[in-house]
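Below is one structure, written out as structure tokens; comments come after it.
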Amino acid sequence: MPQLIKKGKLTDADGMEFVALDTWHADSGNGLLLQVDDEPNSEIAKAPAIAIHFGAFNDGRGLSLAVLLRSRYGFEGDLRAVGDVHHDLVHYLVRCGFTSYELPEGRDLDVALRGASVYSRYYQPCVAQAHEDALKRVA
Amino acid sequence: MYRYDTHDQQFVDERVAHYRDQTERYLAGGLSEDEFLQLRLRNGLYVQRLAPMLRVAVPYGTLSSTQLRRLAHISRTYDRGYGHLSTRQNMQFNWPELAEVPDILAELADVQMHAIQTSGNCIRNTTTDELAGVAANETVDARPYCELIRQWSTAHPEFDWLPRKFKIAVKGSHEASVDRAAIAVHDIGLGVKRNDDGEVVFDVFVGGGLGRTPVIGALIHDALPEAHLLTYLEAIMRVYNRYGRRDNKYKARIKILVRAMTADGFRERVDAEWAAIRETTDAVSTEQLAEVRSRFERPAYEALEDQTAALSAARLANPEFDRWMRHCVFEHQVPGYASVMLSTKVTGIPPGDVTDTQMEAVADWADNFGHGEIRISHQQNFVLPDVRQSALETLWREAKAQQLATPNVGLLTDIICCPGGDYCSLANAKSIPVAEAIQQRFDTYDDLYDLGPIDLNISGCMNACGHHHVGHIGILGVDKKGEEFYQISLGGNSHTDASLGQIVGPSFGRAEVTDVIGKILDVYVDSRTDDESFLQCFRRIGIEPFKERVYAATH
């Protein structure tokens with residue numbers, strides 16, 4: 001079973017059900033499951049929670065999709081990374097606006113938990129509120 | 001040159017600690033080969049044919065004497081006493097131990113250096129003109145923009161996991177004849193110029209590149225204001241990150257996406273993305289740019305006499321010195337100074353290879369005759385950007401003693417060459433022995449000088465690290481049933497008015513290559529008009545006369 005980490009803490013399953021885009025309705029109360037190559041829009045940003053499925057941990061499309069949901073479509077709910085989530089890449093997820101992730105079996109929970117705070121500051125501002133203190137050196 | 005502030009230092013220090021932890025976990029079995037691969041690549045470590053190879057970033061090819069001495073020390077302590085200058089202005093070490101790499105990175109961080117993003121599918125070291133900030137024919141100093149891009153692209157949250165590697169080059173001269181950064185063959189090429197109001201703007205080229213599918217980049221934006229450089233780059237990167245192919249690594253570069261969308265279609269996508277970004281993202285403020293610029297200290301130039309009578313007399317008295325002056329010394333912005341190219345292209349030594357002793361000598365010259373700064377050119381030579389003209393003769397004598405004063409910069413034997421089959425696991429054929437054979441055959445200065453400017457570039461495989469597509473003469477190593485063969489192309493050019501070479505015909509065995517080059521040069525010498533360069537001549541007469549000569553004689 002994958003472990004759920006939400007806002008940097010190991011958490012029990014929160015019961016949110018994620019439904020694929022073709023069967024999802026805005027008023028269903030369900031979370032929305034997106035693939036990394038899905039197109040975002042303002043309608044789907046109304047979902048209470050969105051999960052983005054990474055087929056491979058090094059597929060950066062999921063990061064761009066997350067940034068767009070947060071910065072362009074104003075999505076404010078829980079944004080979850082699922083699928084092939086890698087413990088060494090947690091800091092990218094956090095900075096792109098993910099607020100939770102499912103760590104697959106066999107991944108290193110300790111590394112994942114300390115992963116978001118490996119760096120004190122970055123060069124870029126990012127969409128994540130958690131990193132407001134990142135030095136905004138370049139636009 | 002750029003000096004780190006506390007944030008820069010803290011970041012590279014934390015990166016070393018992070019990578020040390022990853023290496024330890026890998027060695028303890030906590031990370032698989034494939035997982036570690038992605039992490040080590042982003043810290044500069046390849047595993048090559050014989051040993052790991054560590055590529056150290058030299059941002060836009062600029063080094064201090066302290067940094068170069070540290071590289072010499074690293075080569076001596078962790079390697080075999082030499083390093084290799086790459087065509088992307090970096091330095092590579094061919095023999096480090098994987099377990100020692102974190103220590104090497106810590107040694108680098110100590111002197112404000114790193115190996116971050118020198119490999120892997122991410123934004124690589126931004127390159128520029130090796131004479132940026134000192135060239136007499138410069139419009140704008142490109143280095144602060146390169147530094148801005150370096151900061152922006154370092155561990156970028158969104159763009160560190162791209163479909164494929166990504167290379168950006170910036171040139172600071174708008175003069176048609178000057179492009180020492182080869183911007184037409186980069187994923188993004190930025191040409192800096194000033195608009196009618198004197199403001200800095202950029203011409204943005206996208207989708208150029210070499211490799212299996214060589215392409216000259218397409219101009220997709222004319223006169224981009226400097227304040228929007230990063231928002232526009234963000235738009236390009238996002239379109240590429242989302243739509244670039246990930247199913248086939250040979251079709252994953254941005255050039256393939258641009259071709260699939262067409263340049264106009266790609267431009268429209270980028271413009272739409274850019275318009276949306278600008279609604280929420282601030283442009284780079286003048287203060288931010290000024291802050292970056294302020295970290296490049298301008299050297300304390302003295303008021304010196306230019307082109308003194310003593311210098312002219314020394315040139316007249318010593319033809320060998322004069323030759324070196326003519327080919328290796330470049331005009332400087334400041335009177336009384338010059339920029340010097342120290343050629344590494346000595347017959348018998350792999351192009352770009354430099355020993356620890358040479359590195360230390362270069363560092364000493366930079367301190368003694370200039371302002372402690374060194375550059376690496378994409379032609380794999382060292383450059384001393386600021387040399388007092390009065391010191392040129394002394395420098396020449398000392399450089400000669402270190403085998404760094406071959407007067408062949410820009411000439412046939414100033415060969416760009418990848419490490420090839422001697423070192424690289426991707427190579428189909430060796431490249432270094434081919435370079436050496438050509439250098440041996442054409443080793444007299446009079447011949448070289450008579451032939452004039454010729455870029456001869458050699459790659460050991462179609463990944464094209466030796467830039468063979470844009471050599472006036474290009475040589476590509478190919479594998480034919482397990483044997484090394486070499487395909488020759490003519491008419492490539494990496495400078496302004498860039499072009500890709502045309503293949504002469506069927507490939508040749510290694511033993512034939514030098515003779516073939518000889519025949520090609522004979523055709524040029526026989527056909528040229530008075531001042532016509534090899535490239536101009538080729539463009540006038542076309543490939544047929546070369547083809548006829550080369551194949552007529554072999555059969």
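Letters A, B, ... mark the chains of the structure tokens in the order given; residue numbers begin at 1 per chain; ligand numbers begin at 1, in order shown.
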
task = Enumerate, as an NGL selection string, the complete set of residues in segment 36-116 of chain B that a backbone-based DSSP assignment places in alpha helix (DSSP H).
result = :B and (36-41 or 65-78 or 101-110)

Output C-alpha atoms of each residue in that selection to a file, as a PDB file, in the first residue's frame.
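Wrote it out as result_9.pdb, contents follow:
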ATOM      1  CA  PHE B  36      20.702   7.077  -9.155  1.00  0.00           C
ATOM      2  CA  LEU B  37      21.429   7.668 -12.836  1.00  0.00           C
ATOM      3  CA  GLN B  38      18.909  10.523 -12.933  1.00  0.00           C
ATOM      4  CA  LEU B  39      20.373  12.068  -9.796  1.00  0.00           C
ATOM      5  CA  ARG B  40      24.061  11.724 -10.661  1.00  0.00           C
ATOM      6  CA  LEU B  41      23.540  13.098 -14.190  1.00  0.00           C
ATOM      7  CA  SER B  65      42.665  31.938 -11.401  1.00  0.00           C
ATOM      8  CA  THR B  66      41.731  30.538  -7.975  1.00  0.00           C
ATOM      9  CA  GLN B  67      39.109  28.322  -9.572  1.00  0.00           C
ATOM     10  CA  LEU B  68      41.473  27.093 -12.267  1.00  0.00           C
ATOM     11  CA  ARG B  69      44.098  26.243  -9.641  1.00  0.00           C
ATOM     12  CA  ARG B  70      41.448  24.251  -7.819  1.00  0.00           C
ATOM     13  CA  LEU B  71      40.646  22.359 -11.021  1.00  0.00           C
ATOM     14  CA  ALA B  72      44.371  21.609 -11.384  1.00  0.00           C
ATOM     15  CA  HIS B  73      44.416  20.344  -7.812  1.00  0.00           C
ATOM     16  CA  ILE B  74      41.340  18.184  -8.427  1.00  0.00           C
ATOM     17  CA  SER B  75      42.862  16.709 -11.590  1.00  0.00           C
ATOM     18  CA  ARG B  76      46.006  15.819  -9.640  1.00  0.00           C
ATOM     19  CA  THR B  77      44.290  14.507  -6.531  1.00  0.00           C
ATOM     20  CA  TYR B  78      41.249  12.718  -7.891  1.00  0.00           C
ATOM     21  CA  VAL B 101      32.666  12.669  -6.434  1.00  0.00           C
ATOM     22  CA  PRO B 102      30.939  14.271  -3.420  1.00  0.00           C
ATOM     23  CA  ASP B 103      34.403  15.262  -2.138  1.00  0.00           C
ATOM     24  CA  ILE B 104      35.280  16.741  -5.511  1.00  0.00           C
ATOM     25  CA  LEU B 105      32.009  18.683  -5.526  1.00  0.00           C
ATOM     26  CA  ALA B 106      32.817  19.996  -2.048  1.00  0.00           C
ATOM     27  CA  GLU B 107      36.216  21.152  -3.314  1.00  0.00           C
ATOM     28  CA  LEU B 108      34.435  22.933  -6.139  1.00  0.00           C
ATOM     29  CA  ALA B 109      31.857  24.542  -3.857  1.00  0.00           C
ATOM     30  CA  ASP B 110      34.745  25.946  -1.817  1.00  0.00           C
TER      31      ASP B 110
END

Return as a tab-separated table the residues of chain A lying at most 8 Å from chain B, together with the closest atom-to-atom pair for each and the distance in Å to one decimal, counting only C-alpha atoms, with rows in chain order and ascending residue number.
residue	atom	partner	partner_atom	distance
A:Asp37	CA	B:Arg242	CA	7.1
A:Asn58	CA	B:Trp161	CA	5.8
A:Asp59	CA	B:Trp161	CA	6.3
A:Gly60	CA	B:Trp161	CA	4.6
A:Arg61	CA	B:Arg242	CA	5.1
A:Leu63	CA	B:Glu158	CA	5.4
A:Ser64	CA	B:Glu158	CA	5.8
A:Val67	CA	B:Glu158	CA	7.7
A:Ser71	CA	B:Thr280	CA	7.6
A:Arg72	CA	B:Ala276	CA	7.7
A:His91	CA	B:Pro157	CA	7.9
A:Tyr92	CA	B:Pro157	CA	4.9
A:Leu93	CA	B:Pro157	CA	7.7
A:Arg95	CA	B:Pro157	CA	5.9
A:Cys96	CA	B:Pro157	CA	6.2
A:Val118	CA	B:His18	CA	6.9
A:Tyr119	CA	B:Glu14	CA	6.1
A:Ser120	CA	B:Phe11	CA	7.7
A:Arg121	CA	B:Phe11	CA	7.2
A:Tyr122	CA	B:Phe11	CA	7.3
A:Tyr123	CA	B:Gln151	CA	5.8
A:Gln124	CA	B:Trp152	CA	6.1
A:Cys126	CA	B:Pro157	CA	7.5
A:Arg137	CA	B:Gln288	CA	7.1
A:Val138	CA	B:Trp152	CA	6.3
A:Ala139	CA	B:Val284	CA	5.3

Would you list the contacts of segment 185-190 of chain B as a PDB file with N, CA and C atoms, in the first residue's frame, taking every protein, DNA or RNA residue within 8 Å and counting only C-alpha atoms, but skipping same-chain residues closer than 2 positions in sequence?
ATOM      1  N   PHE B 166      18.767  20.381 -22.677  1.00  0.00           N
ATOM      2  CA  PHE B 166      18.359  21.666 -23.227  1.00  0.00           C
ATOM      3  C   PHE B 166      19.487  22.686 -23.098  1.00  0.00           C
ATOM      4  N   LYS B 167      19.898  23.228 -24.252  1.00  0.00           N
ATOM      5  CA  LYS B 167      21.077  24.099 -24.262  1.00  0.00           C
ATOM      6  C   LYS B 167      20.731  25.492 -24.772  1.00  0.00           C
ATOM      7  N   ILE B 168      21.150  26.473 -23.996  1.00  0.00           N
ATOM      8  CA  ILE B 168      20.888  27.867 -24.353  1.00  0.00           C
ATOM      9  C   ILE B 168      22.218  28.571 -24.585  1.00  0.00           C
ATOM     10  N   ALA B 169      22.302  29.354 -25.660  1.00  0.00           N
ATOM     11  CA  ALA B 169      23.512  30.141 -25.920  1.00  0.00           C
ATOM     12  C   ALA B 169      23.113  31.583 -26.192  1.00  0.00           C
ATOM     13  N   VAL B 170      23.966  32.500 -25.762  1.00  0.00           N
ATOM     14  CA  VAL B 170      23.695  33.926 -25.907  1.00  0.00           C
ATOM     15  C   VAL B 170      24.874  34.580 -26.614  1.00  0.00           C
ATOM     16  N   LYS B 171      24.599  35.420 -27.598  1.00  0.00           N
ATOM     17  CA  LYS B 171      25.706  36.189 -28.181  1.00  0.00           C
ATOM     18  C   LYS B 171      25.471  37.667 -27.985  1.00  0.00           C
ATOM     19  N   ALA B 182      27.761  30.352 -31.530  1.00  0.00           N
ATOM     20  CA  ALA B 182      27.046  29.379 -32.365  1.00  0.00           C
ATOM     21  C   ALA B 182      25.562  29.284 -31.979  1.00  0.00           C
ATOM     22  N   ILE B 183      24.903  30.430 -31.868  1.00  0.00           N
ATOM     23  CA  ILE B 183      23.532  30.430 -31.333  1.00  0.00           C
ATOM     24  C   ILE B 183      22.524  29.731 -32.252  1.00  0.00           C
ATOM     25  N   VAL B 192      21.720  39.205 -28.598  1.00  0.00           N
ATOM     26  CA  VAL B 192      21.481  40.490 -27.932  1.00  0.00           C
ATOM     27  C   VAL B 192      21.725  41.628 -28.916  1.00  0.00           C
ATOM     28  N   PHE B 202      16.346  41.113 -27.406  1.00  0.00           N
ATOM     29  CA  PHE B 202      16.887  39.825 -27.860  1.00  0.00           C
ATOM     30  C   PHE B 202      16.146  39.299 -29.086  1.00  0.00           C
ATOM     31  N   ASP B 203      16.929  38.768 -30.016  1.00  0.00           N
ATOM     32  CA  ASP B 203      16.345  37.935 -31.064  1.00  0.00           C
ATOM     33  C   ASP B 203      16.363  36.518 -30.523  1.00  0.00           C
ATOM     34  N   VAL B 204      15.210  35.856 -30.588  1.00  0.00           N
ATOM     35  CA  VAL B 204      15.111  34.526 -29.992  1.00  0.00           C
ATOM     36  C   VAL B 204      14.990  33.466 -31.087  1.00  0.00           C
ATOM     37  N   PHE B 205      15.976  32.587 -31.133  1.00  0.00           N
ATOM     38  CA  PHE B 205      15.965  31.471 -32.083  1.00  0.00           C
ATOM     39  C   PHE B 205      15.658  30.191 -31.307  1.00  0.00           C
ATOM     40  N   VAL B 206      14.861  29.323 -31.913  1.00  0.00           N
ATOM     41  CA  VAL B 206      14.497  28.091 -31.216  1.00  0.00           C
ATOM     42  C   VAL B 206      14.671  26.890 -32.136  1.00  0.00           C
ATOM     43  N   GLY B 207      15.051  25.781 -31.525  1.00  0.00           N
ATOM     44  CA  GLY B 207      15.027  24.514 -32.258  1.00  0.00           C
ATOM     45  C   GLY B 207      16.235  24.247 -33.116  1.00  0.00           C
ATOM     46  N   GLY B 208      17.325  24.967 -32.887  1.00  0.00           N
ATOM     47  CA  GLY B 208      18.560  24.615 -33.567  1.00  0.00           C
ATOM     48  C   GLY B 208      19.221  23.466 -32.831  1.00  0.00           C
ATOM     49  N   GLY B 209      20.140  22.791 -33.490  1.00  0.00           N
ATOM     50  CA  GLY B 209      20.859  21.735 -32.786  1.00  0.00           C
ATOM     51  C   GLY B 209      21.567  20.832 -33.758  1.00  0.00           C
ATOM     52  N   LEU B 210      22.447  20.018 -33.201  1.00  0.00           N
ATOM     53  CA  LEU B 210      23.226  19.115 -34.027  1.00  0.00           C
ATOM     54  C   LEU B 210      22.684  17.705 -33.829  1.00  0.00           C
ATOM     55  N   PRO B 214      20.427  17.438 -37.500  1.00  0.00           N
ATOM     56  CA  PRO B 214      20.934  18.805 -37.380  1.00  0.00           C
ATOM     57  C   PRO B 214      19.947  19.812 -37.961  1.00  0.00           C
ATOM     58  N   VAL B 215      19.730  20.894 -37.237  1.00  0.00           N
ATOM     59  CA  VAL B 215      18.775  21.913 -37.667  1.00  0.00           C
ATOM     60  C   VAL B 215      19.327  23.292 -37.308  1.00  0.00           C
ATOM     61  N   ILE B 216      19.101  24.250 -38.191  1.00  0.00           N
ATOM     62  CA  ILE B 216      19.416  25.641 -37.881  1.00  0.00           C
ATOM     63  C   ILE B 216      18.181  26.231 -37.205  1.00  0.00           C
ATOM     64  N   GLY B 217      18.365  26.891 -36.075  1.00  0.00           N
ATOM     65  CA  GLY B 217      17.240  27.400 -35.300  1.00  0.00           C
ATOM     66  C   GLY B 217      16.401  28.417 -36.063  1.00  0.00           C
ATOM     67  N   ARG B 253      14.228  16.134 -28.607  1.00  0.00           N
ATOM     68  CA  ARG B 253      14.744  17.505 -28.518  1.00  0.00           C
ATOM     69  C   ARG B 253      13.694  18.493 -29.016  1.00  0.00           C
ATOM     70  N   ILE B 254      13.838  19.737 -28.615  1.00  0.00           N
ATOM     71  CA  ILE B 254      12.828  20.740 -28.972  1.00  0.00           C
ATOM     72  C   ILE B 254      12.758  20.953 -30.480  1.00  0.00           C
ATOM     73  N   LYS B 255      13.878  20.685 -31.188  1.00  0.00           N
ATOM     74  CA  LYS B 255      13.856  20.895 -32.644  1.00  0.00           C
ATOM     75  C   LYS B 255      12.809  20.018 -33.323  1.00  0.00           C
ATOM     76  N   SER B 494      29.238  27.474 -38.206  1.00  0.00           N
ATOM     77  CA  SER B 494      28.560  27.724 -36.930  1.00  0.00           C
ATOM     78  C   SER B 494      28.434  29.207 -36.644  1.00  0.00           C
TER      79      SER B 494
END

task = Identify all residues of segment 52-139 of chain A in strand (DSSP E or B) (DSSP on the backbone) and supply them as a list in words.
result = Ile52, His53, Phe54, Asp78, Leu79, Arg80, Ala81, Val82, Gly83, Ser100, Tyr101, Glu102 and Leu103 of chain A

Using only C-alpha atoms: which of A:Lys46, A:Arg80, A:Arg70, A:His87 has the shortest distance to Met16 of chain A = A:Arg80

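A straight line drawn from atom CA of Ala136 of chain B to atom CA of Ser64 of chain B is 21.5 Å long.
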
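Each of B:Gln112, B:Thr139, B:Ser343, B:Asn318 was checked against Ala405 of chain B using only C-alpha atoms; the smallest atom-to-atom distance is that of B:Ser343.
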
message = Applying 8 Å and only C-alpha atoms, which residues near Val82 of chain A remain after dropping the ones on its own chain fewer than 2 positions away? List them as a ChimeraX atom specification.
response = /A:51-54,80,84-85,101-103

Polymer residues at most 7 Å from Pro385 of chain B, only C-alpha atoms, same-chain spacing of 4 or more positions, as a count of residues only = 7

remark   = In Å and to one decimal, atom CA of Ile416 of chain B is distant from atom CA of His472 of chain B by 11.3 Å

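The interatomic distance for the pair atom CA of Leu316 of chain B and atom CA of Val329 of chain B works out to 15.8 Å.
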
query = Contacts of segment 434-445 of chain B at 7 Å or less, counting only C-alpha atoms, minus same-chain residues fewer than 2 places along, as a PyMOL selection string?
reply = chain B and resi 347-348+413+415+431-432+447-449+514

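The nearest approach to Tyr4 of chain B among the residues B:Glu175, B:Asp34, B:Glu297, B:Asp450, with only C-alpha atoms taken into account, belongs to B:Glu297.
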
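Nearest residue to Leu451 of chain B among B:Glu393, B:Glu512, B:Glu484, B:Asp531 is B:Asp531, counting only C-alpha atoms.
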
key: Exercise: Arg293 of chain B partners within 10 Å, only C-alpha atoms, chain neighbours under 2 positions left out, as a ChimeraX atom specification   = /B:1-2,141,143-145,147-148,287-291,295-298
